[in-house]
Structures are given as C-alpha cells and as structure tokens.
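**Student:** Structure below; questions to follow.
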Number of protein chains: 2
Amino acid sequence: MAKGSRTRIRILSAAVETACLNGFNGLNLQPLAERVGLTKSGLYAHFGSKEALQVAALDHAAALFQESVVAPAKAVPAGLPRLAGVFERWLEWPAGAGLPGHCPFFAAVVEFDDQDGPVRDRLLRLFRDFREVLEQLIASAVRHGHLPPGTVPGQTVHELVALRYAHHWGRDFMRDPATLARTRVAFAALIRRGGSAA
Amino acid sequence: MAKGSRTRIRILSAAVETACLNGFNGLNLQPLAERVGLTKSGLYAHFGSKEALQVAALDHAAALFQESVVAPAKAVPAGLPRLAGVFERWLEWPAGAGLPGHCPFFAAVVEFDDQDGPVRDRLLRLFRDFREVLEQLIASAVRHGHLPPGTVPGQTVHELVALRYAHHWGRDFMRDPATLARTRVAFAALIRRGGSAA
C-alpha cells in the first residue's frame with residue numbers, strides 16, 4: 001500500500017474513533033492532525049475540508065460496520081440464524097469492531113437530521129443500504145418459514161432499528177443491567193409476530 | 001412575577017429552543033446572552049456556569065414535556081386510552097410544545113451518555129421519573145384489562161422508548177412518510193402482547 005493510502009487510513013481510523021466519542025461535528029482538523037502527527041495543511045492535502053473528512057469518516061465507519069456486523073453472518077445458515085446473527089453483532093457494535101464510545105451513526109443522526117448537505121446525504125445512503133441488507137435478510141427468513149408469511153420487511157426493519165436504539169439508551173445511558181434481556185425478549189416477540197402491516 | 005424570575009424564564013425558553021436545534025453542548029453563554037438582550041455577566045448572574053444553565057434548561061424542558069405530553073392525558077379515561085394518549089403526544093413532542101427541532105432529551109443522551117456529572121445525573125433522573133410515569137400507566141392498563149395480565153411494565157417501557165426513537169429516525173432523519181403508520185402498527189402489536197417477560 002502506498003504511503004499516501006496508509007496515511008489516509010490512519011487519519012480515518014483516528015477520525016472514526018473521535019466520532020464515536022464526540023460525534024462528527026467534533027471532528028476538528030487541528031486536534032486530529034496533531035493526533036496523527038501531521039500538520040493541519042498536511043491533513044488538508046488528504047481531505048480538502050472538514051465536510052470531506054466527515055464523509056470519508058462515515059464511509060470508513062461503514063466499512064468497519066460491514067466487516068464486523070454484516071460479513072460474519074454469511075458464515076451462519078441463511079434465514080433467521082443469519083438475521084439474528086446480524087442483530088446480535090449490531091448490538092455489540094461499535095465495541096465489536098474495537099472502537100471506543102457509542103454508535104457513530106446514531107450520533108450522526110442527531111447531528112445531521114436537519115442539517116442538509118453532503119454529510120447528511122451520505123449518512124442517509126448508508127442507512128438505506130443497511131435497511132436493504134436487513135430487508136433481504138428478513139425476506140429470506142420468510143422464505144425459510146422462520147418468519148410469518150404476512151411479514152412486511154419495511155415494518156420489521158423499523159422495529160429492529162427501534163430495538164437497537166432502546167438498547168443504546170438502556171445500556172449506555174440508563175446503565176440498566178436488564179437491558180440486554182429486554183432487548184432479546186422484544187426481538188423474540190418481533191420474530192414470532194414477523195412485523196405484519198396490521 | 002418578579003423581574004428576575006421573568007428574565008430567568010426568558011433565558012431558559014431560549015436555552016431549550018437552542019438545545020432542540022443544537023443540543024445542550026451547543027448552549028454557549030455569549031450567543032444566548034445576546035439573544036435575550038443581556039450581557040454575558042448579566043446571564044452569569046442567573047446561572048453561575050454553563051453546567052448550571054444546562055441543568056436548569058433540562059428542568060425547563062421537562063416542565064414543558066410534563067405540560068404538553070403527560071398532563072393532558074389526565075383528561076382521557078384511565079387505562080389504555082390514557083397510555084395511548086401519552087404515547088401519541090410523545091410522538092408529537094417537541095413540536096406539540098411549540099418548540100423547534102427535535103427531542104432535546106434524546107439529543108442529550110448522545111451528548112451525556114459517557115460524560116459523568118450533574119447534567120447527566122439530572123437527565124438520568126428525568127428519564128427515571130418518566131419511566132415511572134409510563135410504568136404506572138401500564139400497570140393501570142393491566143388492571144383495567146386493556147393489557148395482558150403477564151405484562152412486565154419495565155419491558156413495555158423499554159419497547160415504548162424503542163418506538164419513540166425509531167419514530168425520530170424514520171420521520172426526522174430518513175424523512176420516510178410511512179413512519180407514523182409503522183410506529184402505530186408496532187404500538188398496537190405491543191399493546192396486544194403487553195410486553196411479557198418471555
């Protein structure tokens with residue numbers, strides 16, 4: 001790998017760690033440059049603006065998410081086992097990818113819900129991509145007879161996102177030790193019901 | 001009302017509006033002082049520190065939440081109607097209280113999940129208070145026979161929080177017009193099931 005690429009990845013790794021702790025708006029070029037041993041203009045040579053760095057950091061976080069949450073599920077049988085595998089690894093994200101702090105994507109939702117522009121656009125695309133991954137896993141689980149035939153994948157995704165959020169709230173904010181058990185009870189109930197439209 | 005109290009409330013109203021848009025870490029004394037027509041030292045006379053202002057703004061937001069989400073439900077019959085009334089108004093919060101932007105409490109969770117101190121402590125207490133309100137509404141709905149007898153209120157609260165989060169994600173971030181229908185489908189399914197422990 002060329003030195004420029006290695007430096008770029010070193011910057012992005014530090015940027016994603018920062019975003020897990022302080023969000024993407026907390027990605028300031030000067031402290032980040034110091035952290036990776038570059039000057040601010042050296043960092044600018046890789047990313048021409050804070051916004052470009054934020055977008056590249058989102059992509060880097062998405063690659064880590066793909067690697068630590070989505071890809072390993074391919075090793076387990078298709079249908080419900082694979083869906084449950086992704087869900088369980090999603091609960092462990094970002095710690096499962098060796099990152100500090102909490103889910104950088106959920107943090108970015110709060111930061112960019114009403115801030116239009118390239119960062120919001122990229123985050124939206126990443127969530128749509130993941131929604132599609134989940135919908136395919138759900139459709140496969142229906143075909144395998146693991147979920148009821150009336151299941152509407154978009155509904156089930158909505159409720160899986162709900163459970164991942166509540167898991168963050170219960171575990172990381174409320175620090176309630178009952179959280180994991182509650183999340184699993186709710187997941188099991190959702191699987192039994194499937195997420196029909198009515 | 002004494003002039004000091006009126007000024008205090010004027011500051012807190014502006015602070016909560018700011019928090020709905022930029023979070024509680026975005027509550028900087030200088031721009032807030034300018035907005036309400038005070039000097040920074042004039043604002044300091046009311047709140048000795050940014051942290052004291054953040055705590056007072058949380059309390060003010062909680063008072064608005066109580067007034068616009070919890071209190072009106074007392075006018076509807078006890079049991080499920082009252083629980084559903086709180087849930088529906090919670091979905092409309094903070095717009096239903098005339099506030100801009102998005103739920104300041106959810107924004108604060110991201111900001112203070114791993115930032116120990118008085119702001120996190122107060123936010124935790126406010127969430128515990130609201131959790132208790134919801135648990136009482138759920139217990140009352142069980143007594144009225146509107147929720148299954150095996151319902152575990154703590155489980156149901158976990159899933160109500162989940163749905164409120166997903167509603168924020170779907171409506172405010174994804175801007176998906178199907179969001180309200182999906183949230184209501186999931187709420188209806190949760191009510192049918194109740195939220196038993198297994």
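As shown in the structure tokens, the chain order sets the letters A, B, ...; within each chain, residues go from 1, and ligands are also counted from 1 in the order they appear.
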Pull out every residue of chain B sitting within 9 Å of chain A, counting only C-alpha atoms, and send them as a ChimeraX atom specification.
**Tutor:** /B:21-23,101-102,106-107,109-114,120,124,127-128,154-155,158-167,169-170,172-174,179,181-183,185-186,188-189,193,195-198
**Student:** Among chain A, which residues does DSSP mark as alpha helix (DSSP H) when it is run on the backbone? Keep the chain and numbering as in the structure and answer as a count of residues only.
**Tutor:** 129
**Student:** Compile the contact shell of Arg6 in chain A as number ranges by chain: residues with an atom at most 12 Å away, counting only C-alpha atoms, same-chain residues fewer than 5 positions apart removed.
**Tutor:** A: 1, 11-13, 36, 46
**Student:** Report as JSON, numbers by chain all protein, DNA and RNA residues lying within 10 Å of Ala71 in chain B, evaluated on only C-alpha atoms, omitting residues in the same chain fewer than 5 positions from it.
**Tutor:** {"B": [65, 66, 86]}
**Student:** Could the residues in this selection be saved with N, CA and C atoms as a PDB file, in the first residue's frame?
**Tutor:**
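The resulting file, part_11.pdb, is shown below:
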```pdb
ATOM      1  N   PHE B  65     -42.449  19.337  28.805  1.00  0.00           N
ATOM      2  CA  PHE B  65     -42.838  17.963  28.447  1.00  0.00           C
ATOM      3  C   PHE B  65     -44.021  17.518  29.306  1.00  0.00           C
ATOM      4  N   GLN B  66     -43.916  17.767  30.599  1.00  0.00           N
ATOM      5  CA  GLN B  66     -44.984  17.424  31.531  1.00  0.00           C
ATOM      6  C   GLN B  66     -46.292  18.102  31.100  1.00  0.00           C
ATOM      7  N   VAL B  86     -50.678   9.525  26.010  1.00  0.00           N
ATOM      8  CA  VAL B  86     -49.317   9.976  26.315  1.00  0.00           C
ATOM      9  C   VAL B  86     -48.381   9.594  25.172  1.00  0.00           C
TER      10      VAL B  86
END
```
**Student:** Could you check how far CA of Val142 in chain A sits from CA of Ala62 in chain A, in Å to one decimal?
**Tutor:**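 Spanning CA of Val142 in chain A to CA of Ala62 in chain A is a straight-line distance of 26.8 Å.
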**Student:** Report, in Å to a single decimal, how far apart CA of Pro153 in chain B and CA of Leu134 in chain B are.
**Tutor:**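 Here the two named atoms are 8.0 Å from each other.
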**Student:** Got a sec: who's within 10 Å of Arg192 in chain A, counting only C-alpha atoms, leaving out chain neighbours fewer than 6 positions off, as a PyMOL selection string?
**Tutor:** chain A and resi 146-148+186
**Student:** Show which residues sit within 12 Å of Arg10 in chain A, as a list of chain:residue names. Count only C-alpha atoms, and ignore same-chain residues fewer than 6 positions away.
**Tutor:** A:Lys3, A:Gly4, A:Val16, A:Glu17, A:Leu32, A:Ala33, A:Arg35, A:Val36, A:Gly37, A:Leu38, A:Leu43, A:His46, A:Ala57, A:His60
**Student:** Can you write out the residues you just picked, keeping N, CA and C atoms, as a PDB file, in the first residue's frame?
**Tutor:**
```
ATOM      1  N   LYS A   3       2.325   4.976   0.621  1.00  0.00           N
ATOM      2  CA  LYS A   3       2.390   5.725   1.873  1.00  0.00           C
ATOM      3  C   LYS A   3       1.183   6.669   2.018  1.00  0.00           C
ATOM      4  N   GLY A   4       0.764   7.279   0.893  1.00  0.00           N
ATOM      5  CA  GLY A   4      -0.386   8.190   0.944  1.00  0.00           C
ATOM      6  C   GLY A   4      -1.642   7.477   1.408  1.00  0.00           C
ATOM      7  N   VAL A  16     -12.734   8.168  12.968  1.00  0.00           N
ATOM      8  CA  VAL A  16     -13.892   7.367  13.395  1.00  0.00           C
ATOM      9  C   VAL A  16     -13.871   7.205  14.917  1.00  0.00           C
ATOM     10  N   GLU A  17     -12.703   6.987  15.497  1.00  0.00           N
ATOM     11  CA  GLU A  17     -12.625   6.899  16.966  1.00  0.00           C
ATOM     12  C   GLU A  17     -13.113   8.197  17.611  1.00  0.00           C
ATOM     13  N   LEU A  32      -7.084  16.626  15.264  1.00  0.00           N
ATOM     14  CA  LEU A  32      -6.938  15.363  14.551  1.00  0.00           C
ATOM     15  C   LEU A  32      -5.559  15.299  13.886  1.00  0.00           C
ATOM     16  N   ALA A  33      -5.130  16.398  13.275  1.00  0.00           N
ATOM     17  CA  ALA A  33      -3.804  16.446  12.645  1.00  0.00           C
ATOM     18  C   ALA A  33      -2.728  16.169  13.695  1.00  0.00           C
ATOM     19  N   ARG A  35      -3.025  14.520  16.436  1.00  0.00           N
ATOM     20  CA  ARG A  35      -3.121  13.144  16.893  1.00  0.00           C
ATOM     21  C   ARG A  35      -2.419  12.175  15.953  1.00  0.00           C
ATOM     22  N   VAL A  36      -2.484  12.424  14.650  1.00  0.00           N
ATOM     23  CA  VAL A  36      -1.843  11.505  13.705  1.00  0.00           C
ATOM     24  C   VAL A  36      -0.471  12.012  13.265  1.00  0.00           C
ATOM     25  N   GLY A  37       0.009  13.084  13.911  1.00  0.00           N
ATOM     26  CA  GLY A  37       1.374  13.550  13.640  1.00  0.00           C
ATOM     27  C   GLY A  37       1.544  14.266  12.311  1.00  0.00           C
ATOM     28  N   LEU A  38       0.505  14.977  11.885  1.00  0.00           N
ATOM     29  CA  LEU A  38       0.585  15.775  10.659  1.00  0.00           C
ATOM     30  C   LEU A  38       0.352  17.236  11.007  1.00  0.00           C
ATOM     31  N   LEU A  43      -2.899  17.477   6.636  1.00  0.00           N
ATOM     32  CA  LEU A  43      -4.189  16.787   6.667  1.00  0.00           C
ATOM     33  C   LEU A  43      -5.096  17.301   5.539  1.00  0.00           C
ATOM     34  N   HIS A  46      -4.997  15.599   2.267  1.00  0.00           N
ATOM     35  CA  HIS A  46      -5.793  14.372   2.092  1.00  0.00           C
ATOM     36  C   HIS A  46      -7.287  14.666   1.973  1.00  0.00           C
ATOM     37  N   ALA A  57     -14.957   9.735   6.741  1.00  0.00           N
ATOM     38  CA  ALA A  57     -15.002   9.028   8.025  1.00  0.00           C
ATOM     39  C   ALA A  57     -16.273   8.181   8.119  1.00  0.00           C
ATOM     40  N   HIS A  60     -15.608   5.138   6.145  1.00  0.00           N
ATOM     41  CA  HIS A  60     -14.684   4.246   6.855  1.00  0.00           C
ATOM     42  C   HIS A  60     -15.435   3.505   7.980  1.00  0.00           C
TER      43      HIS A  60
END
```
**Student:** Of the residues A:Leu126, A:Val119, A:Ala61, A:Ala139, which is the one nearest to Cys20 in chain A, using only C-alpha atoms?
**Tutor:**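 Counting only C-alpha atoms, the residue closest to Cys20 in chain A is A:Ala61.
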